[in-house]
Amino acid sequence: PPAQPHRRPAHEQPAPSHVPPPRVQHGAPPPPPPSTSTRTAPAHGPGAPKRPANRALIGVAAAALTVIVGIGAWALSGTGGDNEPGGGGATDKSKTSAPPQPTVVKLQAQGVQAVQQSRPGHQDTSIGKNTDSVIDGKASGNWETQSYADAGFGNYSKGMGVLLDMGKPVKVANVKIVSPESGGTLQVKVGDSQSPSDLKRIGEQPANGSELTVTASPQVTGQYVLVWFTKLPSSLKGKLGEVTVYGAAG
């Protein structure tokens, strides 16, 4: 039979091996090994530098927005052109309506009186007669002055004529005057005073033996209209047949 291996009895234990205890060093502990990582944690304090924004992305976004706005404006301006109905093309100035002109009508004087600027003691005694004949609608009126030695009233007066009272301020456009005499100077003044010096002169013309028109440009507003000779005609006597005022009621 084969040989059996030799077994140690159970009550026999192996002899312990003698291991000396570790030696304890009494110096300072060795320093820890240096870290191999070179990364540092980002600082979050108030003094830490901030990371700059990406300016390239901001520029691209701004450029894209500009292009979008430009396309939108072009699309809006392209609608309703000159060739489309209802478009916003240029306006034809020839079709623009002119402002309405004021209506000019014949105005009726409410009264009339003789006026003169003569030196004291040298008043003309003829001009106060037949004054109503110059506003009766007939050209055959017979208002007249005295006869003088020269066209300057003998140096006794600066002017003689009639003052029409329109009853209220009116806008005077023109005054038509009928005189059978020729030459001299017929002057027209308008205002709110009965004094010739305070009235505004709107024009003057020489008498032509018929009808003449003195036009106010621009129109003048006033209650009184003065028509008088500041220089006598060639006959050296002033005469008026009719005075008619045209304009608009104030």
# chains A, B, ... in the order shown; residues from 1 in each chain; ligands from 1
$ residues_around --residues "stretch 161-164 of chain A" --least-positions-apart "3" --cutoff "8 Å" --atoms "only C-alpha atoms" --output "ChimeraX atom specification"
/A:109-116,127,131,194,224-229
$ residues_around --residues "stretch 236-247 of chain A" --least-positions-apart "2" --cutoff "8 Å" --atoms "only C-alpha atoms" --output "PyMOL selection string"
chain A and resi 103-109+133-151+170-181+227+229+232-234+249
$ atom_distance --atom1 "atom CA of A:Gly152" --atom2 "atom CA of A:Arg119"
12.7 Å
$ closest_residue --among "A:Thr66, A:Ser126, A:Gln223, A:Ser217" --to "A:Gly167" --atoms "only C-alpha atoms"
A:Gln223
$ atom_distance --atom1 "atom CA of A:Thr213" --atom2 "atom CA of A:Ser118"
26.4 Å
$ select_by_dssp --residues "stretch 92-190 of chain A" --states "strand (DSSP E)" --output "PyMOL selection string"
chain A and resi 105-107+111-118+143-144+157-178+182-190
$ atom_distance --atom1 "atom CA of A:Leu212" --atom2 "atom CA of A:Thr125"
26.6 Å
